[in-house]
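So this block is target03.cif, mmCIF, N, CA and C atoms:
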data_target
#
loop_
_atom_site.label_atom_id
_atom_site.label_comp_id
_atom_site.auth_asym_id
_atom_site.auth_seq_id
_atom_site.Cartn_x
_atom_site.Cartn_y
_atom_site.Cartn_z
N MET A 1 0.84 -1.18 0.00
CA MET A 1 0.00 0.00 0.00
C MET A 1 0.88 1.23 0.00
N ASN A 2 0.46 2.24 -0.73
CA ASN A 2 1.24 3.47 -0.83
C ASN A 2 1.16 4.27 0.46
N SER A 3 2.16 5.01 0.71
CA SER A 3 2.25 5.82 1.91
C SER A 3 1.70 7.22 1.65
N ILE A 4 1.25 7.88 2.67
CA ILE A 4 0.68 9.22 2.55
C ILE A 4 1.74 10.25 2.19
N GLU A 5 3.01 9.94 2.42
CA GLU A 5 4.08 10.87 2.08
C GLU A 5 4.19 11.09 0.57
N HIS A 6 3.68 10.16 -0.21
CA HIS A 6 3.76 10.25 -1.67
C HIS A 6 2.61 11.08 -2.25
N LEU A 7 1.76 11.62 -1.41
CA LEU A 7 0.63 12.42 -1.89
C LEU A 7 1.14 13.82 -2.25
N PRO A 8 0.87 14.30 -3.48
CA PRO A 8 1.32 15.64 -3.88
C PRO A 8 0.66 16.72 -3.01
N PRO A 9 1.30 17.86 -2.86
CA PRO A 9 0.74 18.92 -2.01
C PRO A 9 -0.65 19.39 -2.44
N TRP A 10 -0.90 19.49 -3.75
CA TRP A 10 -2.22 19.94 -4.19
C TRP A 10 -3.30 18.94 -3.80
N ALA A 11 -2.99 17.65 -3.89
CA ALA A 11 -3.97 16.62 -3.52
C ALA A 11 -4.16 16.58 -2.01
N ALA A 12 -3.08 16.79 -1.26
CA ALA A 12 -3.20 16.82 0.20
C ALA A 12 -4.05 18.00 0.65
N ALA A 13 -3.85 19.16 0.00
CA ALA A 13 -4.63 20.35 0.35
C ALA A 13 -6.11 20.15 0.00
N LEU A 14 -6.37 19.59 -1.18
CA LEU A 14 -7.76 19.35 -1.59
C LEU A 14 -8.43 18.33 -0.68
N THR A 15 -7.70 17.27 -0.33
CA THR A 15 -8.24 16.25 0.58
C THR A 15 -8.54 16.85 1.95
N ALA A 16 -7.61 17.64 2.47
CA ALA A 16 -7.82 18.28 3.77
C ALA A 16 -9.01 19.23 3.73
N PHE A 17 -9.13 20.01 2.65
CA PHE A 17 -10.26 20.93 2.52
C PHE A 17 -11.59 20.18 2.49
N LEU A 18 -11.67 19.12 1.69
CA LEU A 18 -12.91 18.34 1.60
C LEU A 18 -13.24 17.68 2.93
N LEU A 19 -12.22 17.19 3.64
CA LEU A 19 -12.47 16.58 4.95
C LEU A 19 -12.99 17.61 5.95
N LEU A 20 -12.40 18.81 5.95
CA LEU A 20 -12.85 19.85 6.88
C LEU A 20 -14.27 20.31 6.57
N VAL A 21 -14.58 20.46 5.30
CA VAL A 21 -15.94 20.86 4.91
C VAL A 21 -16.94 19.77 5.30
N GLY A 22 -16.59 18.52 5.07
CA GLY A 22 -17.47 17.41 5.44
C GLY A 22 -17.67 17.32 6.94
N ALA A 23 -16.60 17.49 7.70
CA ALA A 23 -16.71 17.45 9.16
C ALA A 23 -17.53 18.63 9.67
N ALA A 24 -17.35 19.81 9.05
CA ALA A 24 -18.12 20.99 9.47
C ALA A 24 -19.61 20.81 9.17
N ALA A 25 -19.94 20.25 8.02
CA ALA A 25 -21.34 20.01 7.68
C ALA A 25 -21.98 19.03 8.66
N THR A 26 -21.25 17.99 9.01
CA THR A 26 -21.76 17.02 9.98
C THR A 26 -21.92 17.65 11.35
N LEU A 27 -20.97 18.50 11.74
CA LEU A 27 -21.06 19.19 13.03
C LEU A 27 -22.25 20.13 13.08
N VAL A 28 -22.48 20.87 12.01
CA VAL A 28 -23.63 21.78 11.97
C VAL A 28 -24.93 20.99 12.08
N GLY A 29 -25.02 19.86 11.42
CA GLY A 29 -26.20 19.01 11.54
C GLY A 29 -26.40 18.50 12.95
N SER A 30 -25.31 18.14 13.61
CA SER A 30 -25.40 17.66 14.99
C SER A 30 -25.80 18.79 15.94
N LEU A 31 -25.30 19.98 15.70
CA LEU A 31 -25.70 21.12 16.53
C LEU A 31 -27.18 21.45 16.33
N GLY A 32 -27.67 21.25 15.11
CA GLY A 32 -29.10 21.44 14.85
C GLY A 32 -29.94 20.46 15.65
N LEU A 33 -29.42 19.26 15.84
CA LEU A 33 -30.12 18.27 16.66
C LEU A 33 -30.26 18.76 18.09
N LEU A 34 -29.25 19.42 18.60
CA LEU A 34 -29.30 19.94 19.97
C LEU A 34 -30.13 21.21 20.08
N ARG A 35 -30.11 22.04 19.06
CA ARG A 35 -30.74 23.34 19.15
C ARG A 35 -32.26 23.32 18.99
N PHE A 36 -32.76 22.53 18.06
CA PHE A 36 -34.19 22.54 17.78
C PHE A 36 -34.98 21.84 18.88
N GLY A 37 -36.26 22.22 19.01
CA GLY A 37 -37.06 21.75 20.12
C GLY A 37 -37.88 20.49 19.86
N THR A 38 -38.69 20.50 18.82
CA THR A 38 -39.59 19.38 18.59
C THR A 38 -38.89 18.29 17.78
N PHE A 39 -39.47 17.10 17.82
CA PHE A 39 -38.90 15.97 17.09
C PHE A 39 -38.84 16.26 15.61
N TYR A 40 -39.88 16.87 15.06
CA TYR A 40 -39.97 17.11 13.63
C TYR A 40 -38.91 18.11 13.17
N GLU A 41 -38.56 19.07 14.02
CA GLU A 41 -37.47 19.99 13.70
C GLU A 41 -36.12 19.31 13.89
N ARG A 42 -36.00 18.50 14.93
CA ARG A 42 -34.73 17.87 15.27
C ARG A 42 -34.29 16.83 14.24
N VAL A 43 -35.20 16.16 13.61
CA VAL A 43 -34.84 15.09 12.69
C VAL A 43 -34.33 15.65 11.36
N HIS A 44 -34.65 16.88 11.04
CA HIS A 44 -34.30 17.46 9.75
C HIS A 44 -32.82 17.83 9.65
N ALA A 45 -32.29 18.52 10.64
CA ALA A 45 -30.92 19.03 10.57
C ALA A 45 -29.86 17.93 10.48
N PRO A 46 -29.91 16.88 11.31
CA PRO A 46 -28.87 15.85 11.18
C PRO A 46 -28.97 15.09 9.87
N THR A 47 -30.15 14.97 9.32
CA THR A 47 -30.31 14.27 8.05
C THR A 47 -29.56 15.00 6.94
N LEU A 48 -29.74 16.31 6.88
CA LEU A 48 -29.04 17.09 5.86
C LEU A 48 -27.54 17.14 6.13
N GLY A 49 -27.17 17.32 7.40
CA GLY A 49 -25.76 17.43 7.76
C GLY A 49 -24.98 16.16 7.49
N THR A 50 -25.54 15.03 7.84
CA THR A 50 -24.80 13.79 7.63
C THR A 50 -24.73 13.42 6.15
N THR A 51 -25.77 13.72 5.39
CA THR A 51 -25.73 13.42 3.96
C THR A 51 -24.66 14.27 3.27
N LEU A 52 -24.67 15.56 3.53
CA LEU A 52 -23.68 16.44 2.92
C LEU A 52 -22.27 16.13 3.43
N GLY A 53 -22.14 15.86 4.71
CA GLY A 53 -20.84 15.50 5.27
C GLY A 53 -20.29 14.23 4.66
N THR A 54 -21.14 13.24 4.47
CA THR A 54 -20.71 11.98 3.86
C THR A 54 -20.24 12.20 2.43
N VAL A 55 -20.92 13.04 1.69
CA VAL A 55 -20.54 13.32 0.30
C VAL A 55 -19.15 13.95 0.26
N PHE A 56 -18.89 14.94 1.10
CA PHE A 56 -17.59 15.60 1.09
C PHE A 56 -16.47 14.69 1.58
N ILE A 57 -16.72 13.91 2.60
CA ILE A 57 -15.69 13.01 3.12
C ILE A 57 -15.38 11.91 2.12
N ALA A 58 -16.39 11.39 1.46
CA ALA A 58 -16.15 10.38 0.43
C ALA A 58 -15.42 10.98 -0.77
N ALA A 59 -15.73 12.22 -1.10
CA ALA A 59 -15.00 12.89 -2.19
C ALA A 59 -13.53 13.07 -1.83
N ALA A 60 -13.25 13.38 -0.56
CA ALA A 60 -11.86 13.49 -0.11
C ALA A 60 -11.15 12.14 -0.25
N SER A 61 -11.84 11.08 0.07
CA SER A 61 -11.27 9.74 -0.06
C SER A 61 -11.00 9.39 -1.52
N ILE A 62 -11.92 9.78 -2.39
CA ILE A 62 -11.73 9.53 -3.82
C ILE A 62 -10.49 10.25 -4.33
N VAL A 63 -10.34 11.52 -3.96
CA VAL A 63 -9.17 12.30 -4.40
C VAL A 63 -7.89 11.68 -3.88
N CYS A 64 -7.84 11.40 -2.59
CA CYS A 64 -6.62 10.89 -1.96
C CYS A 64 -6.17 9.56 -2.57
N PHE A 65 -7.05 8.62 -2.61
CA PHE A 65 -6.66 7.28 -3.06
C PHE A 65 -6.53 7.18 -4.57
N SER A 66 -7.23 8.02 -5.32
CA SER A 66 -7.03 8.04 -6.77
C SER A 66 -5.64 8.56 -7.11
N VAL A 67 -5.18 9.58 -6.39
CA VAL A 67 -3.84 10.12 -6.64
C VAL A 67 -2.78 9.13 -6.18
N LEU A 68 -2.97 8.52 -5.04
CA LEU A 68 -1.98 7.58 -4.51
C LEU A 68 -1.84 6.34 -5.38
N GLN A 69 -2.93 5.85 -5.92
CA GLN A 69 -2.88 4.61 -6.70
C GLN A 69 -2.76 4.85 -8.21
N SER A 70 -2.72 6.11 -8.62
CA SER A 70 -2.56 6.50 -10.03
C SER A 70 -3.64 5.91 -10.93
N ARG A 71 -4.79 5.72 -10.39
CA ARG A 71 -5.95 5.25 -11.16
C ARG A 71 -7.21 5.70 -10.41
N PRO A 72 -8.31 5.83 -11.11
CA PRO A 72 -9.54 6.25 -10.43
C PRO A 72 -10.02 5.21 -9.42
N VAL A 73 -10.26 5.65 -8.22
CA VAL A 73 -10.82 4.80 -7.17
C VAL A 73 -12.23 5.32 -6.93
N LEU A 74 -13.21 4.54 -7.31
CA LEU A 74 -14.59 5.01 -7.29
C LEU A 74 -15.50 4.19 -6.38
N HIS A 75 -14.93 3.43 -5.47
CA HIS A 75 -15.76 2.65 -4.55
C HIS A 75 -16.65 3.55 -3.70
N GLU A 76 -16.16 4.74 -3.40
CA GLU A 76 -16.89 5.65 -2.54
C GLU A 76 -18.17 6.17 -3.19
N ILE A 77 -18.27 6.08 -4.50
CA ILE A 77 -19.50 6.52 -5.16
C ILE A 77 -20.67 5.65 -4.71
N LEU A 78 -20.41 4.39 -4.45
CA LEU A 78 -21.45 3.50 -3.92
C LEU A 78 -21.90 3.98 -2.54
N ILE A 79 -20.95 4.39 -1.72
CA ILE A 79 -21.29 4.92 -0.39
C ILE A 79 -22.12 6.18 -0.52
N ILE A 80 -21.71 7.08 -1.40
CA ILE A 80 -22.46 8.32 -1.61
C ILE A 80 -23.87 8.01 -2.11
N GLY A 81 -23.97 7.14 -3.08
CA GLY A 81 -25.29 6.79 -3.62
C GLY A 81 -26.21 6.18 -2.59
N LEU A 82 -25.68 5.25 -1.82
CA LEU A 82 -26.52 4.63 -0.78
C LEU A 82 -26.92 5.64 0.30
N GLY A 83 -26.01 6.51 0.66
CA GLY A 83 -26.33 7.52 1.67
C GLY A 83 -27.37 8.51 1.19
N VAL A 84 -27.22 8.95 -0.05
CA VAL A 84 -28.17 9.91 -0.61
C VAL A 84 -29.56 9.29 -0.78
N VAL A 85 -29.62 8.01 -1.06
CA VAL A 85 -30.91 7.34 -1.26
C VAL A 85 -31.55 6.95 0.07
N THR A 86 -30.77 6.37 0.98
CA THR A 86 -31.36 5.82 2.20
C THR A 86 -31.65 6.85 3.28
N THR A 87 -30.91 7.95 3.33
CA THR A 87 -31.14 8.93 4.39
C THR A 87 -32.52 9.58 4.28
N PRO A 88 -32.96 10.05 3.11
CA PRO A 88 -34.32 10.60 3.04
C PRO A 88 -35.41 9.56 3.31
N ILE A 89 -35.14 8.31 2.92
CA ILE A 89 -36.12 7.26 3.20
C ILE A 89 -36.24 7.04 4.70
N ALA A 90 -35.11 7.00 5.39
CA ALA A 90 -35.14 6.83 6.85
C ALA A 90 -35.84 8.01 7.51
N LEU A 91 -35.60 9.23 7.02
CA LEU A 91 -36.28 10.41 7.55
C LEU A 91 -37.79 10.29 7.38
N THR A 92 -38.21 9.87 6.22
CA THR A 92 -39.64 9.73 5.95
C THR A 92 -40.28 8.68 6.85
N VAL A 93 -39.61 7.56 7.05
CA VAL A 93 -40.15 6.50 7.90
C VAL A 93 -40.22 6.97 9.36
N LEU A 94 -39.18 7.63 9.85
CA LEU A 94 -39.19 8.12 11.23
C LEU A 94 -40.29 9.15 11.46
N VAL A 95 -40.43 10.09 10.53
CA VAL A 95 -41.46 11.12 10.68
C VAL A 95 -42.85 10.51 10.57
N GLY A 96 -43.01 9.55 9.67
CA GLY A 96 -44.31 8.88 9.56
C GLY A 96 -44.68 8.12 10.82
N ALA A 97 -43.72 7.43 11.42
CA ALA A 97 -43.99 6.71 12.67
C ALA A 97 -44.31 7.68 13.80
N ALA A 98 -43.58 8.79 13.88
CA ALA A 98 -43.86 9.77 14.93
C ALA A 98 -45.22 10.43 14.72
N ARG A 99 -45.56 10.70 13.49
CA ARG A 99 -46.87 11.30 13.20
C ARG A 99 -48.00 10.32 13.54
N PHE A 100 -47.81 9.06 13.22
CA PHE A 100 -48.81 8.04 13.57
C PHE A 100 -48.99 7.97 15.08
N ARG A 101 -47.86 7.97 15.82
CA ARG A 101 -47.92 7.93 17.28
C ARG A 101 -48.63 9.16 17.84
N ASP A 102 -48.29 10.34 17.30
CA ASP A 102 -48.93 11.57 17.78
C ASP A 102 -50.42 11.57 17.49
N THR A 103 -50.81 11.08 16.34
CA THR A 103 -52.24 11.02 15.98
C THR A 103 -52.97 10.04 16.89
N ALA A 104 -52.36 8.90 17.17
CA ALA A 104 -52.99 7.91 18.05
C ALA A 104 -53.13 8.44 19.47
N GLU A 105 -52.12 9.13 19.97
CA GLU A 105 -52.20 9.70 21.32
C GLU A 105 -53.24 10.80 21.38
N ARG A 106 -53.33 11.62 20.35
CA ARG A 106 -54.31 12.70 20.33
C ARG A 106 -55.73 12.15 20.29
N SER A 107 -55.98 11.09 19.52
CA SER A 107 -57.32 10.52 19.45
C SER A 107 -57.67 9.81 20.75
N ALA A 108 -56.67 9.25 21.45
CA ALA A 108 -56.94 8.63 22.75
C ALA A 108 -57.29 9.69 23.78
N GLN A 109 -56.69 10.87 23.70
CA GLN A 109 -57.02 11.94 24.64
C GLN A 109 -58.40 12.50 24.37
N VAL A 110 -58.81 12.54 23.10
CA VAL A 110 -60.13 13.06 22.75
C VAL A 110 -61.22 12.09 23.23
N ARG A 111 -60.98 10.76 23.11
CA ARG A 111 -61.97 9.76 23.53
C ARG A 111 -62.14 9.77 25.04
N GLY A 112 -61.08 10.07 25.74
CA GLY A 112 -61.16 10.06 27.21
C GLY A 112 -60.64 8.75 27.78
N PRO A 113 -60.52 8.68 29.10
CA PRO A 113 -59.94 7.50 29.73
C PRO A 113 -60.82 6.25 29.60
N GLU A 114 -62.13 6.39 29.49
CA GLU A 114 -62.98 5.20 29.42
C GLU A 114 -63.13 4.67 28.00
N GLY A 115 -62.59 5.40 27.00
CA GLY A 115 -62.57 4.89 25.63
C GLY A 115 -63.83 5.16 24.84
N ASN A 116 -64.70 6.06 25.25
CA ASN A 116 -65.94 6.36 24.52
C ASN A 116 -65.72 7.36 23.45
#

For the structure just supplied, provide its representation as C-alpha cells.
Amino acid sequence: MNSIEHLPPWAAALTAFLLLVGAAATLVGSLGLLRFGTFYERVHAPTLGTTLGTVFIAAASIVCFSVLQSRPVLHEILIIGLGVVTTPIALTVLVGAARFRDTAERSAQVRGPEGN
C-alpha cells in the first residue's frame, strides 16, 4: 500500500479541505439536533448534515486514493449513492412513525380514559 508521504501537495490540500468541509457540515447538523425543540425539527438538521458531510468526506477519499494509486478509485461513489438514497427514506419512515404515534395519542385523549 502506498504511503501518505507520496501524496502531492495539491492533492493533500484538496483532501484536507474536503475533509474539513465534510466534518463541518456534519457538526452543523449535529448542533441542529441539539438546538431545535420538537422531534420534527430535530430530525431534519442531522439528516441534511450527515448526507452532505458523507458526500464531502467520500469525495476526499476519492481524491486521496485516486492520486496515490494512479488510477480512479470510485468505490466511494457507492457509499455516496446509498447515503443519498437511504437517508431521506429513513427520515420519511421516522417522521411517519412519529406522526402516527402523535395522531394515536391525540385521538386517545379526545376519547377520554374510558374509551368512549

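Atom N of A:Ala98 to atom CA of A:Thr26 spans 23.6 Å [interatomic distance, one decimal].
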
**OP:** Take the PyMOL selection byres ((chain A and resi 15) around 7), apply it to the structure above, and return the hits as JSON, numbers by chain.
**Re:** {"A": [10, 11, 12, 13, 14, 16, 17, 18, 19, 20, 59, 60, 61, 63, 64]}

**OP:** Tell me, in Å to one decimal, how far atom CA of A:Ala97 is from atom N of A:Leu52.
**Re:** 23.1 Å

**OP:** Using atom CA of A:Leu34 and atom CA of A:Ala58 as the two end points, give the distance in Å to one decimal.
**Re:** 25.4 Å

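The shortest atom-to-atom distance to A:Gly29, with all atoms listed in the file taken into account, belongs to A:Pro46 out of A:Thr51, A:Pro46, A:Glu41, A:Ile80.
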
If you keep C-alpha atoms, can you output chain A as a PDB file, in the first residue's frame?
ATOM      1  CA  MET A   1       0.000   0.000   0.000  1.00  0.00           C
ATOM      2  CA  ASN A   2       1.237   3.466  -0.826  1.00  0.00           C
ATOM      3  CA  SER A   3       2.248   5.824   1.912  1.00  0.00           C
ATOM      4  CA  ILE A   4       0.678   9.218   2.554  1.00  0.00           C
ATOM      5  CA  GLU A   5       4.079  10.872   2.077  1.00  0.00           C
ATOM      6  CA  HIS A   6       3.756  10.252  -1.665  1.00  0.00           C
ATOM      7  CA  LEU A   7       0.632  12.424  -1.885  1.00  0.00           C
ATOM      8  CA  PRO A   8       1.322  15.645  -3.875  1.00  0.00           C
ATOM      9  CA  PRO A   9       0.737  18.920  -2.012  1.00  0.00           C
ATOM     10  CA  TRP A  10      -2.220  19.942  -4.189  1.00  0.00           C
ATOM     11  CA  ALA A  11      -3.966  16.618  -3.520  1.00  0.00           C
ATOM     12  CA  ALA A  12      -3.196  16.819   0.198  1.00  0.00           C
ATOM     13  CA  ALA A  13      -4.632  20.349   0.350  1.00  0.00           C
ATOM     14  CA  LEU A  14      -7.759  19.350  -1.587  1.00  0.00           C
ATOM     15  CA  THR A  15      -8.237  16.255   0.576  1.00  0.00           C
ATOM     16  CA  ALA A  16      -7.821  18.278   3.771  1.00  0.00           C
ATOM     17  CA  PHE A  17     -10.259  20.930   2.517  1.00  0.00           C
ATOM     18  CA  LEU A  18     -12.906  18.341   1.600  1.00  0.00           C
ATOM     19  CA  LEU A  19     -12.467  16.584   4.951  1.00  0.00           C
ATOM     20  CA  LEU A  20     -12.848  19.849   6.876  1.00  0.00           C
ATOM     21  CA  VAL A  21     -15.937  20.863   4.915  1.00  0.00           C
ATOM     22  CA  GLY A  22     -17.475  17.415   5.442  1.00  0.00           C
ATOM     23  CA  ALA A  23     -16.706  17.453   9.156  1.00  0.00           C
ATOM     24  CA  ALA A  24     -18.117  20.988   9.466  1.00  0.00           C
ATOM     25  CA  ALA A  25     -21.344  20.013   7.684  1.00  0.00           C
ATOM     26  CA  THR A  26     -21.759  17.024   9.979  1.00  0.00           C
ATOM     27  CA  LEU A  27     -21.059  19.189  13.034  1.00  0.00           C
ATOM     28  CA  VAL A  28     -23.628  21.779  11.969  1.00  0.00           C
ATOM     29  CA  GLY A  29     -26.204  19.011  11.536  1.00  0.00           C
ATOM     30  CA  SER A  30     -25.402  17.663  14.988  1.00  0.00           C
ATOM     31  CA  LEU A  31     -25.701  21.120  16.529  1.00  0.00           C
ATOM     32  CA  GLY A  32     -29.099  21.444  14.855  1.00  0.00           C
ATOM     33  CA  LEU A  33     -30.121  18.269  16.658  1.00  0.00           C
ATOM     34  CA  LEU A  34     -29.298  19.941  19.966  1.00  0.00           C
ATOM     35  CA  ARG A  35     -30.744  23.340  19.154  1.00  0.00           C
ATOM     36  CA  PHE A  36     -34.192  22.541  17.778  1.00  0.00           C
ATOM     37  CA  GLY A  37     -37.058  21.748  20.125  1.00  0.00           C
ATOM     38  CA  THR A  38     -39.593  19.379  18.592  1.00  0.00           C
ATOM     39  CA  PHE A  39     -38.897  15.973  17.088  1.00  0.00           C
ATOM     40  CA  TYR A  40     -39.967  17.113  13.630  1.00  0.00           C
ATOM     41  CA  GLU A  41     -37.466  19.985  13.698  1.00  0.00           C
ATOM     42  CA  ARG A  42     -34.726  17.874  15.267  1.00  0.00           C
ATOM     43  CA  VAL A  43     -34.835  15.091  12.686  1.00  0.00           C
ATOM     44  CA  HIS A  44     -34.300  17.455   9.750  1.00  0.00           C
ATOM     45  CA  ALA A  45     -30.917  19.029  10.571  1.00  0.00           C
ATOM     46  CA  PRO A  46     -28.875  15.850  11.182  1.00  0.00           C
ATOM     47  CA  THR A  47     -30.306  14.270   8.051  1.00  0.00           C
ATOM     48  CA  LEU A  48     -29.037  17.085   5.860  1.00  0.00           C
ATOM     49  CA  GLY A  49     -25.758  17.428   7.758  1.00  0.00           C
ATOM     50  CA  THR A  50     -24.804  13.786   7.634  1.00  0.00           C
ATOM     51  CA  THR A  51     -25.730  13.422   3.955  1.00  0.00           C
ATOM     52  CA  LEU A  52     -23.684  16.440   2.916  1.00  0.00           C
ATOM     53  CA  GLY A  53     -20.841  15.501   5.268  1.00  0.00           C
ATOM     54  CA  THR A  54     -20.706  11.981   3.864  1.00  0.00           C
ATOM     55  CA  VAL A  55     -20.541  13.316   0.303  1.00  0.00           C
ATOM     56  CA  PHE A  56     -17.593  15.604   1.091  1.00  0.00           C
ATOM     57  CA  ILE A  57     -15.688  13.011   3.123  1.00  0.00           C
ATOM     58  CA  ALA A  58     -16.152  10.377   0.431  1.00  0.00           C
ATOM     59  CA  ALA A  59     -15.005  12.893  -2.188  1.00  0.00           C
ATOM     60  CA  ALA A  60     -11.860  13.485  -0.114  1.00  0.00           C
ATOM     61  CA  SER A  61     -11.268   9.743  -0.059  1.00  0.00           C
ATOM     62  CA  ILE A  62     -11.731   9.533  -3.824  1.00  0.00           C
ATOM     63  CA  VAL A  63      -9.173  12.297  -4.401  1.00  0.00           C
ATOM     64  CA  CYS A  64      -6.619  10.893  -1.963  1.00  0.00           C
ATOM     65  CA  PHE A  65      -6.659   7.285  -3.056  1.00  0.00           C
ATOM     66  CA  SER A  66      -7.031   8.040  -6.767  1.00  0.00           C
ATOM     67  CA  VAL A  67      -3.842  10.120  -6.643  1.00  0.00           C
ATOM     68  CA  LEU A  68      -1.977   7.581  -4.510  1.00  0.00           C
ATOM     69  CA  GLN A  69      -2.878   4.611  -6.703  1.00  0.00           C
ATOM     70  CA  SER A  70      -2.563   6.496 -10.033  1.00  0.00           C
ATOM     71  CA  ARG A  71      -5.952   5.251 -11.159  1.00  0.00           C
ATOM     72  CA  PRO A  72      -9.544   6.255 -10.432  1.00  0.00           C
ATOM     73  CA  VAL A  73     -10.817   4.797  -7.174  1.00  0.00           C
ATOM     74  CA  LEU A  74     -14.586   5.012  -7.295  1.00  0.00           C
ATOM     75  CA  HIS A  75     -15.763   2.647  -4.552  1.00  0.00           C
ATOM     76  CA  GLU A  76     -16.893   5.649  -2.543  1.00  0.00           C
ATOM     77  CA  ILE A  77     -19.497   6.519  -5.163  1.00  0.00           C
ATOM     78  CA  LEU A  78     -21.446   3.504  -3.921  1.00  0.00           C
ATOM     79  CA  ILE A  79     -21.287   4.916  -0.391  1.00  0.00           C
ATOM     80  CA  ILE A  80     -22.456   8.325  -1.611  1.00  0.00           C
ATOM     81  CA  GLY A  81     -25.286   6.787  -3.621  1.00  0.00           C
ATOM     82  CA  LEU A  82     -26.524   4.632  -0.778  1.00  0.00           C
ATOM     83  CA  GLY A  83     -26.329   7.522   1.673  1.00  0.00           C
ATOM     84  CA  VAL A  84     -28.174   9.915  -0.608  1.00  0.00           C
ATOM     85  CA  VAL A  85     -30.908   7.344  -1.256  1.00  0.00           C
ATOM     86  CA  THR A  86     -31.364   5.816   2.202  1.00  0.00           C
ATOM     87  CA  THR A  87     -31.137   8.932   4.387  1.00  0.00           C
ATOM     88  CA  PRO A  88     -34.323  10.598   3.040  1.00  0.00           C
ATOM     89  CA  ILE A  89     -36.122   7.261   3.196  1.00  0.00           C
ATOM     90  CA  ALA A  90     -35.140   6.833   6.850  1.00  0.00           C
ATOM     91  CA  LEU A  91     -36.278  10.414   7.553  1.00  0.00           C
ATOM     92  CA  THR A  92     -39.641   9.728   5.947  1.00  0.00           C
ATOM     93  CA  VAL A  93     -40.146   6.498   7.902  1.00  0.00           C
ATOM     94  CA  LEU A  94     -39.187   8.116  11.230  1.00  0.00           C
ATOM     95  CA  VAL A  95     -41.457  11.122  10.683  1.00  0.00           C
ATOM     96  CA  GLY A  96     -44.315   8.882   9.558  1.00  0.00           C
ATOM     97  CA  ALA A  97     -43.988   6.711  12.670  1.00  0.00           C
ATOM     98  CA  ALA A  98     -43.856   9.775  14.929  1.00  0.00           C
ATOM     99  CA  ARG A  99     -46.867  11.297  13.198  1.00  0.00           C
ATOM    100  CA  PHE A 100     -48.811   8.042  13.571  1.00  0.00           C
ATOM    101  CA  ARG A 101     -47.922   7.926  17.280  1.00  0.00           C
ATOM    102  CA  ASP A 102     -48.932  11.571  17.783  1.00  0.00           C
ATOM    103  CA  THR A 103     -52.237  11.020  15.984  1.00  0.00           C
ATOM    104  CA  ALA A 104     -52.988   7.907  18.046  1.00  0.00           C
ATOM    105  CA  GLU A 105     -52.196   9.700  21.315  1.00  0.00           C
ATOM    106  CA  ARG A 106     -54.307  12.697  20.329  1.00  0.00           C
ATOM    107  CA  SER A 107     -57.315  10.515  19.449  1.00  0.00           C
ATOM    108  CA  ALA A 108     -56.939   8.627  22.753  1.00  0.00           C
ATOM    109  CA  GLN A 109     -57.016  11.944  24.638  1.00  0.00           C
ATOM    110  CA  VAL A 110     -60.133  13.057  22.749  1.00  0.00           C
ATOM    111  CA  ARG A 111     -61.972   9.763  23.533  1.00  0.00           C
ATOM    112  CA  GLY A 112     -61.157  10.055  27.207  1.00  0.00           C
ATOM    113  CA  PRO A 113     -59.941   7.496  29.732  1.00  0.00           C
ATOM    114  CA  GLU A 114     -62.981   5.200  29.416  1.00  0.00           C
ATOM    115  CA  GLY A 115     -62.574   4.893  25.631  1.00  0.00           C
ATOM    116  CA  ASN A 116     -65.937   6.358  24.521  1.00  0.00           C
TER     117      ASN A 116
END
